[in-house]
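So this one's final_35.txt, compact mmCIF, C-alpha atoms:
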```
# COMPACT_ATOMS: atom_id res chain seq x y z
CA MET D 1 -34.29 -29.32 64.43
CA TYR D 2 -33.82 -31.70 61.49
CA GLU D 3 -37.59 -31.54 60.90
CA ILE D 4 -37.20 -27.84 60.14
CA PHE D 5 -34.79 -28.77 57.35
CA GLY D 6 -37.14 -31.40 55.92
CA ILE D 7 -35.11 -34.42 57.05
CA CYS D 8 -37.37 -37.47 57.38
CA PRO D 9 -37.36 -39.57 60.61
CA GLN D 10 -35.81 -42.62 58.92
CA LEU D 11 -32.86 -40.56 57.72
CA GLU D 12 -32.48 -39.02 61.18
CA ASN D 13 -32.36 -42.52 62.68
CA LEU D 14 -29.67 -43.48 60.18
CA SER D 15 -27.70 -40.39 61.19
CA ARG D 16 -27.80 -41.41 64.86
CA LYS D 17 -26.65 -44.92 63.96
CA CYS D 18 -23.68 -43.57 61.98
CA ASP D 19 -22.79 -41.11 64.77
CA LYS D 20 -22.38 -44.00 67.21
CA GLU D 21 -20.34 -46.08 64.78
CA LEU D 22 -17.95 -43.21 64.01
CA LYS D 23 -17.45 -41.84 67.53
CA GLU D 24 -14.12 -43.56 68.24
CA ARG D 25 -12.78 -42.69 64.78
CA PHE D 26 -13.63 -39.04 65.26
CA GLU D 27 -11.90 -38.90 68.64
CA LYS D 28 -8.63 -39.87 66.94
CA ILE D 29 -9.09 -37.13 64.34
CA ASP D 30 -9.62 -34.61 67.14
CA GLU D 31 -6.36 -35.72 68.78
CA ILE D 32 -4.41 -34.96 65.58
CA ALA D 33 -6.17 -31.60 65.28
CA GLN D 34 -5.19 -30.66 68.83
CA ILE D 35 -1.50 -31.40 68.18
CA ASN D 36 -1.54 -29.45 64.92
CA GLN D 37 -3.32 -26.54 66.63
CA LEU D 38 -0.54 -26.40 69.23
CA LYS D 39 2.07 -26.35 66.44
CA VAL D 40 0.44 -23.30 64.91
CA ILE D 41 0.21 -21.50 68.25
CA ALA D 42 3.88 -22.28 68.97
CA ALA D 43 4.90 -20.82 65.58
CA MET D 44 2.84 -17.68 66.21
CA GLN D 45 4.39 -17.20 69.63
CA LYS D 46 7.92 -17.83 68.34
CA ASN D 47 7.51 -15.16 65.64
CA HIS D 48 5.96 -12.59 68.00
CA VAL D 49 2.61 -12.22 66.27
CA SER D 50 1.06 -9.04 67.58
CA GLU D 51 -1.83 -6.71 66.83
CA ALA D 52 0.58 -4.66 64.75
CA CYS D 53 0.71 -7.59 62.31
CA PHE D 54 -2.93 -6.92 61.40
CA ALA D 55 -2.29 -3.38 60.13
CA VAL D 56 -3.38 -2.47 56.60
CA SER D 57 -0.75 -1.86 53.93
CA THR D 58 -1.37 -0.39 50.49
CA GLY D 59 0.58 0.54 47.40
CA TYR D 60 3.98 -1.16 47.31
CA GLY D 61 3.51 -2.68 50.76
CA TYR D 62 7.16 -2.11 51.68
CA GLY D 63 8.03 -3.06 55.26
CA ASP D 64 4.78 -4.95 55.84
CA LEU D 65 5.38 -6.52 59.26
CA GLY D 66 2.25 -8.66 59.14
CA ARG D 67 3.01 -10.12 55.72
CA ASP D 68 6.60 -10.97 56.58
CA THR D 69 5.70 -12.43 59.97
CA LEU D 70 2.93 -14.59 58.52
CA GLU D 71 5.37 -16.05 56.03
CA ALA D 72 7.76 -16.87 58.89
CA VAL D 73 4.87 -18.58 60.74
CA TYR D 74 4.05 -20.72 57.69
CA ALA D 75 7.72 -21.63 57.26
CA ASP D 76 7.93 -22.77 60.88
CA VAL D 77 4.71 -24.82 60.76
CA PHE D 78 5.73 -26.51 57.49
CA GLN D 79 9.36 -26.71 58.70
CA THR D 80 10.78 -25.06 55.60
CA GLU D 81 13.44 -22.41 55.03
CA ASP D 82 11.01 -19.86 53.63
CA ALA D 83 7.41 -19.29 52.54
CA LEU D 84 5.43 -17.06 50.22
CA VAL D 85 1.89 -16.38 51.52
CA ARG D 86 0.01 -13.76 49.55
CA PRO D 87 -3.58 -12.65 48.88
CA GLN D 88 -2.47 -11.84 45.32
CA ILE D 89 -2.33 -15.60 44.60
CA THR D 90 -5.85 -16.20 43.30
CA CYS D 91 -6.21 -19.96 43.79
CA GLY D 92 -4.36 -23.25 44.19
CA THR D 93 -3.87 -23.59 40.44
CA HIS D 94 -2.32 -20.12 40.36
CA ALA D 95 0.05 -21.03 43.20
CA LEU D 96 1.07 -24.21 41.36
CA GLY D 97 1.49 -22.28 38.10
CA ILE D 98 3.77 -19.77 39.82
CA ALA D 99 5.88 -22.55 41.39
CA LEU D 100 6.25 -24.37 38.07
CA ALA D 101 6.96 -21.33 35.90
CA ALA D 102 9.39 -19.89 38.45
CA ASN D 103 11.51 -23.02 38.72
CA LEU D 104 11.50 -24.30 35.14
CA ARG D 105 13.32 -22.83 32.15
CA PRO D 106 13.08 -23.44 28.39
CA GLY D 107 14.49 -26.89 27.65
CA ASP D 108 13.65 -28.21 31.11
CA GLU D 109 11.23 -31.04 31.71
CA MET D 110 8.45 -31.37 34.28
CA LEU D 111 7.69 -34.93 35.33
CA SER D 112 4.52 -35.94 37.19
CA ALA D 113 5.07 -38.83 39.61
CA THR D 114 1.34 -39.31 40.15
CA GLY D 115 -0.07 -39.72 36.65
CA GLN D 116 -2.26 -37.13 34.99
CA PRO D 117 -2.59 -33.96 37.10
CA TYR D 118 -5.73 -32.13 38.16
CA ASP D 119 -7.85 -30.80 35.26
CA THR D 120 -7.03 -27.12 35.74
CA LEU D 121 -3.28 -27.83 35.56
CA GLU D 122 -3.59 -29.31 32.09
CA GLU D 123 -3.70 -25.86 30.47
CA VAL D 124 -0.94 -24.56 32.75
CA ILE D 125 1.34 -27.35 31.56
CA GLY D 126 0.11 -27.36 27.97
CA ILE D 127 -1.43 -30.84 27.91
CA ARG D 128 -4.43 -28.92 26.60
CA PRO D 129 -3.19 -25.97 24.51
CA SER D 130 -3.53 -22.60 26.23
CA GLU D 131 -1.93 -19.21 25.77
CA GLY D 132 1.14 -18.82 27.99
CA SER D 133 1.41 -22.48 29.02
CA LEU D 134 4.72 -24.06 29.99
CA ALA D 135 4.74 -25.73 26.57
CA ASP D 136 4.68 -22.28 24.95
CA TYR D 137 8.02 -21.60 26.65
CA GLY D 138 9.66 -24.81 25.51
CA ILE D 139 9.15 -26.72 28.75
CA THR D 140 8.29 -30.35 28.13
CA TYR D 141 6.14 -32.67 30.19
CA ARG D 142 5.92 -36.40 30.88
CA GLN D 143 4.14 -38.45 33.50
CA VAL D 144 4.72 -41.69 35.37
CA GLU D 145 1.56 -43.65 36.03
CA LEU D 146 0.66 -44.88 39.48
CA THR D 147 0.73 -48.61 40.17
CA ASN D 148 -2.41 -50.64 39.55
CA ASP D 149 -3.41 -50.18 43.18
CA GLY D 150 -2.93 -46.41 42.99
CA HIS D 151 0.45 -45.81 44.61
CA ILE D 152 3.68 -44.14 43.51
CA ASP D 153 5.79 -46.42 41.34
CA ILE D 154 9.20 -45.42 42.69
CA LYS D 155 11.14 -47.77 40.44
CA ALA D 156 9.42 -46.44 37.30
CA LEU D 157 9.84 -42.87 38.53
CA LEU D 158 13.60 -43.20 38.98
CA GLU D 159 13.92 -44.86 35.58
CA ALA D 160 11.95 -42.02 33.95
CA ILE D 161 14.25 -39.23 35.15
CA GLU D 162 16.44 -37.85 32.36
CA PRO D 163 19.15 -35.14 32.29
CA LYS D 164 16.56 -32.51 31.27
CA THR D 165 14.19 -33.46 34.14
CA LYS D 166 14.27 -30.41 36.40
CA LEU D 167 11.12 -30.75 38.53
CA ILE D 168 8.93 -33.63 39.72
CA GLU D 169 5.38 -32.92 40.80
CA PHE D 170 3.49 -35.04 43.33
CA GLN D 171 -0.27 -34.51 43.58
CA ARG D 172 -1.42 -35.49 47.04
CA SER D 173 -5.18 -35.44 46.42
CA ARG D 174 -7.02 -37.38 43.71
CA GLY D 175 -8.61 -34.53 41.75
CA TYR D 176 -11.38 -35.94 39.57
CA ARG D 177 -9.72 -39.34 39.31
CA THR D 178 -10.52 -42.47 41.26
CA ARG D 179 -7.26 -43.28 42.99
CA PRO D 180 -6.06 -43.18 46.59
CA THR D 181 -5.03 -39.91 48.13
CA LEU D 182 -1.33 -40.16 48.90
CA GLY D 183 -0.12 -40.08 52.48
CA VAL D 184 2.78 -37.95 53.64
CA GLN D 185 5.02 -40.93 54.35
CA GLU D 186 4.46 -42.46 50.90
CA ILE D 187 5.28 -39.16 49.20
CA GLY D 188 8.30 -38.76 51.48
CA GLN D 189 9.63 -42.20 50.60
CA ALA D 190 9.51 -41.32 46.89
CA ILE D 191 11.14 -37.92 47.45
CA ARG D 192 13.98 -39.46 49.43
CA ALA D 193 14.58 -41.98 46.65
CA VAL D 194 14.71 -39.18 44.06
CA HIS D 195 17.02 -36.96 46.12
CA GLU D 196 19.42 -39.80 46.92
CA LYS D 197 19.99 -40.44 43.22
CA TYR D 198 19.25 -36.99 41.75
CA PRO D 199 19.85 -34.38 44.49
CA LYS D 200 19.39 -31.40 42.14
CA VAL D 201 15.93 -32.40 40.92
CA ILE D 202 13.22 -30.26 42.55
CA CYS D 203 10.38 -32.19 44.20
CA MET D 204 7.15 -30.18 44.45
CA VAL D 205 3.99 -31.36 46.21
CA ASP D 206 0.51 -30.15 45.32
CA ASN D 207 -0.66 -30.13 48.93
CA CYS D 208 -4.22 -28.92 48.29
CA TYR D 209 -6.88 -30.46 50.57
CA GLY D 210 -4.27 -32.31 52.65
CA GLU D 211 -2.95 -29.73 55.11
CA PHE D 212 -3.33 -30.65 58.81
CA ILE D 213 -4.97 -34.03 58.13
CA GLU D 214 -1.83 -35.80 59.31
CA LEU D 215 0.67 -34.88 62.01
CA GLU D 216 3.32 -34.00 59.41
CA GLU D 217 3.49 -32.29 56.02
CA PRO D 218 5.41 -33.42 52.91
CA SER D 219 7.97 -30.66 53.48
CA GLN D 220 9.08 -32.51 56.60
CA TYR D 221 9.98 -35.45 54.35
CA GLY D 222 12.19 -33.53 51.98
CA ALA D 223 9.82 -31.79 49.54
CA ASP D 224 11.53 -28.72 48.05
CA MET D 225 8.15 -26.99 47.75
CA VAL D 226 4.65 -27.60 49.13
CA VAL D 227 1.94 -25.56 47.46
CA GLY D 228 -1.69 -24.86 48.33
CA SER D 229 -4.66 -22.52 48.46
CA LEU D 230 -5.82 -20.37 51.37
CA ILE D 231 -9.49 -20.96 50.53
CA LYS D 232 -8.91 -24.61 51.30
CA ASN D 233 -7.55 -26.11 54.55
CA PRO D 234 -4.94 -23.56 55.73
CA GLY D 235 -7.27 -20.57 55.40
CA GLY D 236 -9.64 -22.03 57.97
CA GLY D 237 -12.64 -20.59 56.13
CA LEU D 238 -11.61 -17.06 57.07
CA ALA D 239 -9.01 -16.22 54.43
CA PRO D 240 -10.83 -14.27 51.68
CA ALA D 241 -8.29 -15.27 49.01
CA GLY D 242 -4.69 -16.30 48.57
CA GLY D 243 -2.25 -19.13 48.27
CA TYR D 244 1.04 -20.30 49.75
CA ILE D 245 4.32 -21.81 48.61
CA ALA D 246 6.62 -23.10 51.37
CA GLY D 247 10.01 -24.63 50.71
CA THR D 248 13.71 -24.02 50.20
CA LYS D 249 14.90 -20.42 50.16
CA GLU D 250 15.99 -20.65 46.51
CA CYS D 251 12.71 -22.13 45.25
CA VAL D 252 10.57 -19.66 47.21
CA GLU D 253 12.70 -16.70 46.11
CA ARG D 254 12.25 -17.67 42.47
CA CYS D 255 8.49 -17.93 43.08
CA ALA D 256 8.44 -14.45 44.63
CA HIS D 257 10.16 -12.95 41.59
CA ARG D 258 7.62 -14.71 39.38
CA LEU D 259 4.66 -13.48 41.42
CA THR D 260 5.82 -9.86 41.43
CA THR D 261 8.73 -9.13 39.10
CA PRO D 262 12.50 -9.72 38.93
CA GLY D 263 14.32 -7.35 41.25
CA ILE D 264 11.35 -6.90 43.60
CA GLY D 265 10.46 -10.43 44.72
CA LYS D 266 9.12 -10.64 48.28
CA GLU D 267 9.81 -6.99 49.12
CA ALA D 268 6.53 -5.70 47.69
CA GLY D 269 2.90 -6.71 47.89
CA ALA D 270 0.27 -4.85 49.90
CA ASN D 271 -2.04 -6.82 52.17
CA PHE D 272 -5.18 -4.69 51.60
CA GLY D 273 -6.37 -5.27 55.17
CA VAL D 274 -6.77 -9.07 55.05
CA MET D 275 -3.95 -10.00 57.44
CA GLN D 276 -6.11 -10.54 60.51
CA ASN D 277 -8.24 -13.05 58.59
CA LEU D 278 -5.15 -14.83 57.22
CA TYR D 279 -3.72 -15.20 60.72
CA PHE D 280 -7.04 -16.10 62.32
CA GLY D 281 -7.80 -18.62 59.56
CA PHE D 282 -4.44 -20.33 59.96
CA PHE D 283 -4.94 -20.38 63.74
CA VAL D 284 -8.22 -22.33 63.48
CA ALA D 285 -7.24 -24.32 60.37
CA PRO D 286 -6.35 -27.59 62.16
CA MET D 287 -9.76 -27.72 63.85
CA VAL D 288 -11.60 -26.72 60.67
CA ALA D 289 -9.72 -29.34 58.63
CA ALA D 290 -10.72 -31.94 61.25
CA SER D 291 -14.39 -30.93 60.90
CA ALA D 292 -14.15 -31.26 57.12
CA GLU D 293 -12.46 -34.65 57.42
CA LYS D 294 -15.20 -35.90 59.76
CA SER D 295 -17.86 -34.58 57.38
CA ALA D 296 -16.26 -36.51 54.51
CA ILE D 297 -16.18 -39.75 56.50
CA TYR D 298 -19.78 -39.20 57.56
CA ALA D 299 -20.81 -38.66 53.93
CA ALA D 300 -19.17 -41.93 52.96
CA ARG D 301 -20.83 -43.81 55.82
CA ILE D 302 -24.33 -42.49 55.05
CA PHE D 303 -24.15 -43.24 51.34
CA GLU D 304 -22.62 -46.66 51.91
CA GLU D 305 -25.83 -47.49 53.76
CA PHE D 306 -27.67 -46.67 50.53
CA GLY D 307 -25.44 -49.03 48.55
CA TYR D 308 -23.27 -46.44 46.79
CA GLU D 309 -19.59 -47.01 46.14
CA THR D 310 -17.41 -44.55 48.06
CA PHE D 311 -13.77 -43.73 47.72
CA PRO D 312 -12.16 -43.83 50.18
CA HIS D 313 -14.42 -46.14 52.18
CA SER D 314 -15.58 -44.72 55.50
CA SER D 315 -13.35 -47.22 57.35
CA GLU D 316 -10.12 -46.29 55.53
CA ILE D 317 -7.35 -44.01 56.79
CA ARG D 318 -7.61 -40.63 55.09
CA HIS D 319 -5.01 -38.16 53.83
CA ASP D 320 -7.28 -35.32 52.63
CA ILE D 321 -10.80 -33.91 53.02
CA ILE D 322 -12.27 -35.07 49.69
CA GLN D 323 -14.97 -37.72 49.55
CA GLU D 324 -15.77 -39.33 46.21
CA ILE D 325 -19.18 -40.99 45.82
CA THR D 326 -20.09 -42.82 42.61
CA LEU D 327 -23.70 -41.78 42.00
CA GLY D 328 -23.99 -43.39 38.58
CA SER D 329 -26.12 -40.83 36.76
CA ARG D 330 -26.31 -37.18 35.78
CA GLU D 331 -29.67 -36.87 37.56
CA ALA D 332 -28.23 -38.19 40.83
CA MET D 333 -25.30 -35.74 40.70
CA ILE D 334 -27.65 -32.81 40.15
CA SER D 335 -29.99 -33.95 42.93
CA PHE D 336 -27.11 -34.47 45.39
CA SER D 337 -25.72 -31.02 44.59
CA LYS D 338 -29.16 -29.46 44.97
CA GLY D 339 -29.38 -30.92 48.47
CA VAL D 340 -25.93 -29.73 49.54
CA GLN D 341 -26.78 -26.22 48.30
CA ALA D 342 -30.06 -26.33 50.25
CA GLY D 343 -28.04 -27.08 53.39
CA ALA D 344 -25.91 -23.96 53.04
CA ALA D 345 -26.13 -20.85 55.20
CA VAL D 346 -25.55 -18.64 52.15
CA ASP D 347 -27.57 -18.90 48.91
CA ALA D 348 -29.51 -21.92 50.18
CA TYR D 349 -32.43 -20.93 47.93
CA VAL D 350 -30.29 -21.24 44.77
CA THR D 351 -30.53 -24.35 42.56
CA PRO D 352 -27.19 -25.49 41.09
CA GLU D 353 -27.12 -25.96 37.32
CA PRO D 354 -24.48 -27.74 35.20
CA SER D 355 -22.25 -25.25 33.41
CA GLU D 356 -18.88 -24.68 31.80
CA GLN D 357 -16.10 -23.66 34.19
CA PRO D 358 -12.69 -22.12 33.36
CA GLY D 359 -10.00 -24.80 33.19
CA TYR D 360 -12.33 -27.79 32.67
CA ASN D 361 -13.17 -29.60 29.43
CA CYS D 362 -16.75 -30.63 30.27
CA ASP D 363 -19.78 -29.32 32.18
CA ILE D 364 -19.35 -29.16 35.96
CA ILE D 365 -22.04 -29.29 38.63
CA MET D 366 -21.17 -27.41 41.79
CA ALA D 367 -22.88 -26.59 45.09
CA ASP D 368 -21.17 -23.63 46.66
CA GLY D 369 -23.20 -21.80 49.29
CA CYS D 370 -20.12 -20.27 50.87
CA PHE D 371 -19.15 -17.08 52.67
CA ILE D 372 -15.99 -17.02 50.51
CA GLN D 373 -16.71 -17.67 46.84
CA GLY D 374 -15.31 -21.04 45.75
CA SER D 375 -14.10 -21.91 49.24
CA SER D 376 -13.85 -25.69 49.25
CA ILE D 377 -13.06 -25.86 52.96
CA GLU D 378 -16.66 -24.71 53.42
CA LEU D 379 -19.56 -27.06 52.73
CA SER D 380 -19.50 -27.75 48.99
CA CYS D 381 -19.49 -30.41 46.31
CA ASP D 382 -18.64 -30.59 42.64
CA GLY D 383 -17.93 -32.98 39.84
CA PRO D 384 -17.69 -33.36 36.07
CA LEU D 385 -20.86 -34.58 34.39
CA ARG D 386 -19.27 -37.57 32.71
CA GLU D 387 -19.03 -41.31 33.32
CA PRO D 388 -19.00 -42.77 35.94
CA PHE D 389 -20.75 -39.70 37.43
CA ASN D 390 -18.70 -39.24 40.59
CA ILE D 391 -19.54 -36.42 42.97
CA TYR D 392 -16.78 -34.94 45.15
CA PHE D 393 -17.98 -33.73 48.54
CA GLN D 394 -15.76 -31.59 50.74
CA GLY D 395 -15.70 -29.04 53.50
CA GLY D 396 -17.70 -28.19 56.56
CA ILE D 397 -16.32 -25.46 58.81
CA THR D 398 -18.18 -27.23 61.60
CA PHE D 399 -19.12 -30.89 61.65
CA THR D 400 -22.73 -29.93 62.42
CA HIS D 401 -22.92 -28.11 59.11
CA GLY D 402 -21.14 -30.91 57.26
CA LYS D 403 -23.69 -33.41 58.60
CA LEU D 404 -26.58 -31.20 57.54
CA GLY D 405 -25.18 -30.95 54.02
CA VAL D 406 -24.89 -34.75 53.76
CA LEU D 407 -28.41 -35.32 55.08
CA LYS D 408 -29.89 -32.67 52.76
CA ALA D 409 -28.10 -34.33 49.82
CA ALA D 410 -29.57 -37.71 50.78
CA GLN D 411 -33.02 -36.21 51.38
CA SER D 412 -32.95 -34.52 47.99
CA MET D 413 -32.24 -37.87 46.32
CA ILE D 414 -35.02 -39.49 48.36
CA ASP D 415 -37.47 -36.76 47.33
CA ASP D 416 -36.44 -37.17 43.68
CA GLY D 417 -37.07 -40.92 43.84
CA LEU D 418 -33.38 -41.83 43.43
CA ILE D 419 -33.08 -43.43 46.88
CA LYS D 420 -35.86 -45.69 48.21
CA LEU D 421 -35.82 -45.80 52.01
CA ASN D 422 -38.26 -48.71 52.21
CA GLU D 423 -35.60 -50.95 50.67
CA ILE D 424 -33.06 -50.15 53.41
CA ASN D 425 -33.16 -51.58 56.94
CA ILE D 426 -32.58 -48.62 59.26
CA SER D 427 -32.82 -49.01 63.02
CA ASN D 428 -31.74 -46.75 65.84
CA LYS D 429 -30.06 -49.24 68.16
```
Starting from the coordinates I provided, produce the structure as structure tokens.
Amino acid sequence: MYEIFGICPQLENLSRKCDKELKERFEKIDEIAQINQLKVIAAMQKNHVSEACFAVSTGYGYGDLGRDTLEAVYADVFQTEDALVRPQITCGTHALGIALAANLRPGDEMLSATGQPYDTLEEVIGIRPSEGSLADYGITYRQVELTNDGHIDIKALLEAIEPKTKLIEFQRSRGYRTRPTLGVQEIGQAIRAVHEKYPKVICMVDNCYGEFIELEEPSQYGADMVVGSLIKNPGGGLAPAGGYIAGTKECVERCAHRLTTPGIGKEAGANFGVMQNLYFGFFVAPMVAASAEKSAIYAARIFEEFGYETFPHSSEIRHDIIQEITLGSREAMISFSKGVQAGAAVDAYVTPEPSEQPGYNCDIIMADGCFIQGSSIELSCDGPLREPFNIYFQGGITFTHGKLGVLKAAQSMIDDGLIKLNEINISNK
């Protein structure tokens, strides 16, 4: 079948070699996925999910059984007091913006415990000026840098907290920066240290790309809010839009009043007929996240054979689904993205082109042949066209598709003369 997709025999042999090397690693990932899948089923059973939960609501959406039950399911899975799960939340950045704006007031300070946040949050905060940013409302911002080896500097974090510090943000994934993804236990250790000394300071975790990769979530280690997107891990590739905020009742209630309006909060918000997909997506999310994680590890392993630097390395323990590969040139990033797009089931005939994207300060290259536009739990890649020319590969609803995307990316670079197979010793042993 790989011949049909233009994959050369040498690359197919390399794929078989990597499959054998990664088999034991993948079995462990599947074990975690099975446990997380059972957690989701238990939460659905506990909250009496029924066919009635899939009914369409319009207008105000008052008394929406499906919406309210889904939020109870999320709260149980994340072990929080409450949750806000809505299709009206357009993306992860929107969910984070709601959580920040809802829980900060003029004169308050937001402190990042993980250095500079993801690019699209810069305008939300006001690091880059933007209409309606937190800075516009008199909310200040500071950040604590990670240690030299990329971990939370708890001592520096505690020393940085001032009387006006109201909320601390922890970004679990790396964004477009080369640093380790943070594990749940490391984040939890920092949160416990903050709460022991400053119990009223809100600790919020940007959980994007990390859901269901470990057996626990940051909320189980004391996070006041965990925030993410439904077109990433928890949507399972089926959610057409949306985001979630799970956490303490007070924090979530404030977020609900920010999403809708004061006085209405969680009571309104029609589902527009997407509830079945939101439930179904969350049901399969642990298995889908496992497929995406395996695809990321496979991408690292293949490109390590070609001599590229990967982060994390294919042998390292992972805490999210993102794979960074340092390709070293603009041409290589474009060629890689062209290959991933050619491996898609949707829009495979399209050629990605660098372009401006809302929220970024440089051209972005993106391969996105997805059923849901912008769904990064599906096979995709992206990256800013700037030094050191890192591409960020993610997704793969099934591992078979993830593998194909990786092989098409490699084949594209071979065809463009950027990878020379005759210089690499490949054997199928």
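One distance worth recording is that between CA of Thr310 (chain D) and CA of Gln323 (chain D), which is 7.4 Å.
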Report as a tab-separated table: every residue of region 154-217 of chain D with an atom at most 10 Å from region 71-90 of chain D, its closest pair of atoms, and their distance in Å to one decimal, counting all atoms listed in the file, with rows sorted by chain and ascending residue number.
```
residue	atom	partner	partner_atom	distance
D:Glu211	CA	D:Phe78	CA	9.6
D:Glu216	CA	D:Phe78	CA	8.1
D:Glu217	CA	D:Phe78	CA	6.4
```
Do you have the CA of Ile161 (chain D)-CA of Ala101 (chain D) distance handy?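 These atoms are spaced 19.3 Å apart.
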With only C-alpha atoms as the atoms that count, which of D:His195, D:Arg16, D:Lys294, D:Arg128 lies nearest to Ser315 (chain D)?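 So, comparing all the options, the nearest one is D:Lys294.
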Might you pull out every residue within 7 Å of region 403-410 of chain D, with only C-alpha atoms counted and same-chain residues fewer than 3 positions away left off, and present them as a PDB file with C-alpha atoms, in the frame of the given file?
```
ATOM      1  CA  ILE D   7     -35.110 -34.420  57.050  1.00  0.00           C
ATOM      2  CA  SER D 295     -17.860 -34.580  57.380  1.00  0.00           C
ATOM      3  CA  ALA D 299     -20.810 -38.660  53.930  1.00  0.00           C
ATOM      4  CA  PHE D 336     -27.110 -34.470  45.390  1.00  0.00           C
ATOM      5  CA  SER D 337     -25.720 -31.020  44.590  1.00  0.00           C
ATOM      6  CA  LYS D 338     -29.160 -29.460  44.970  1.00  0.00           C
ATOM      7  CA  GLY D 339     -29.380 -30.920  48.470  1.00  0.00           C
ATOM      8  CA  VAL D 340     -25.930 -29.730  49.540  1.00  0.00           C
ATOM      9  CA  ALA D 342     -30.060 -26.330  50.250  1.00  0.00           C
ATOM     10  CA  GLY D 343     -28.040 -27.080  53.390  1.00  0.00           C
ATOM     11  CA  LEU D 379     -19.560 -27.060  52.730  1.00  0.00           C
ATOM     12  CA  PHE D 399     -19.120 -30.890  61.650  1.00  0.00           C
ATOM     13  CA  THR D 400     -22.730 -29.930  62.420  1.00  0.00           C
ATOM     14  CA  MET D 413     -32.240 -37.870  46.320  1.00  0.00           C
ATOM     15  CA  ILE D 414     -35.020 -39.490  48.360  1.00  0.00           C
TER      16      ILE D 414
END
```
Residues proximal to (-21.5, -29.3, 46.6) were defined as those with any atom within 12 Å of that point in the file's coordinates, counting all atoms listed in the file. Which are they, as a VMD selection string? chain D and resid 296 299 322 to 325 333 to 344 348 351 to 354 364 to 370 374 to 384 390 to 396 402 405 to 406 408 to 409
Report as a list in words all protein, DNA and RNA residues lying within 12 Å of Phe26 (chain D), evaluated on all atoms listed in the file, omitting residues in the same chain fewer than 5 positions from it. Cys18, Asp19, Lys20, Glu21, Glu31, Ile32, Ala33, Ala290, Ser291, Ala292, Glu293, Lys294, Ser295, Ala296, Ile297, Tyr298, Ser314, Ser315, Ile317, Arg318 and Phe399 of chain D
Near-Gly237 (chain D) list (10 Å; all atoms listed in the file; drop same-chain fewer than 4 positions) as a ChimeraX atom specification: /D:230-233,241,277-278,280-282,284-285,288-289,370-372,375-378,395-397
Can you tell me, as number ranges by chain, what residues are no more than 8 Å from Gly107 (chain D) when counting all atoms listed in the file, ignoring any on the same chain fewer than 3 positions away? D: 138-140, 164
What does the structure give for the distance between CA of Phe212 (chain D) and CA of Pro234 (chain D), in Å to one decimal? 7.9 Å
Here is a test: counting all atoms listed in the file, which residue of D:Ser130, D:Ser355, D:Thr165, D:Gln411 is nearest to Val201 (chain D)?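 When distances to Val201 (chain D) are compared using all atoms listed in the file, the smallest one comes from D:Thr165.
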For region 47-51 of chain D, work out the shell of residues within 10 Å, counting all atoms listed in the file and skipping chain neighbours fewer than 4 positions away, then give it as a list in words.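 Counting all atoms listed in the file, the residues come to Ile41, Ala42, Ala43, Ala55, Leu65, Gly66, Thr69, Leu70, Glu71, Ala72, Val73, Asp76, Gln276 and Tyr279 of chain D.
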Pick out the closest residue to Tyr60 (chain D) from this set: D:Glu267, D:Leu418, D:His313, D:Thr398. Count only C-alpha atoms. D:Glu267
Edge lengths and centre in Å to one decimal, as lines of an AutoDock Vina configuration file, of the axis-aligned box that encloses all listed atoms of region 192-198 of chain D with 6 Å added on every side?
```
center_x = 17.0
center_y = -39.5
center_z = 45.6
size_x = 18.0
size_y = 17.0
size_z = 19.7
```
Restricting the calculation to only C-alpha atoms: of D:Ser15, D:Asn103, D:Asn271, D:Gln37, which residue gets closest to Ile302 (chain D)? D:Ser15
Find, counting all atoms listed in the file, the residue in D:Val252, D:Val274, D:Ile187, D:Met225 that gets nearest to Ser57 (chain D).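 Of all the options, D:Val274 lies closest to Ser57 (chain D).
Proximity to Val227 (chain D) was assessed for D:Phe170, D:Tyr2, D:Phe283, D:Phe54 counting all atoms listed in the file; the smallest distance is recorded for D:Phe170.
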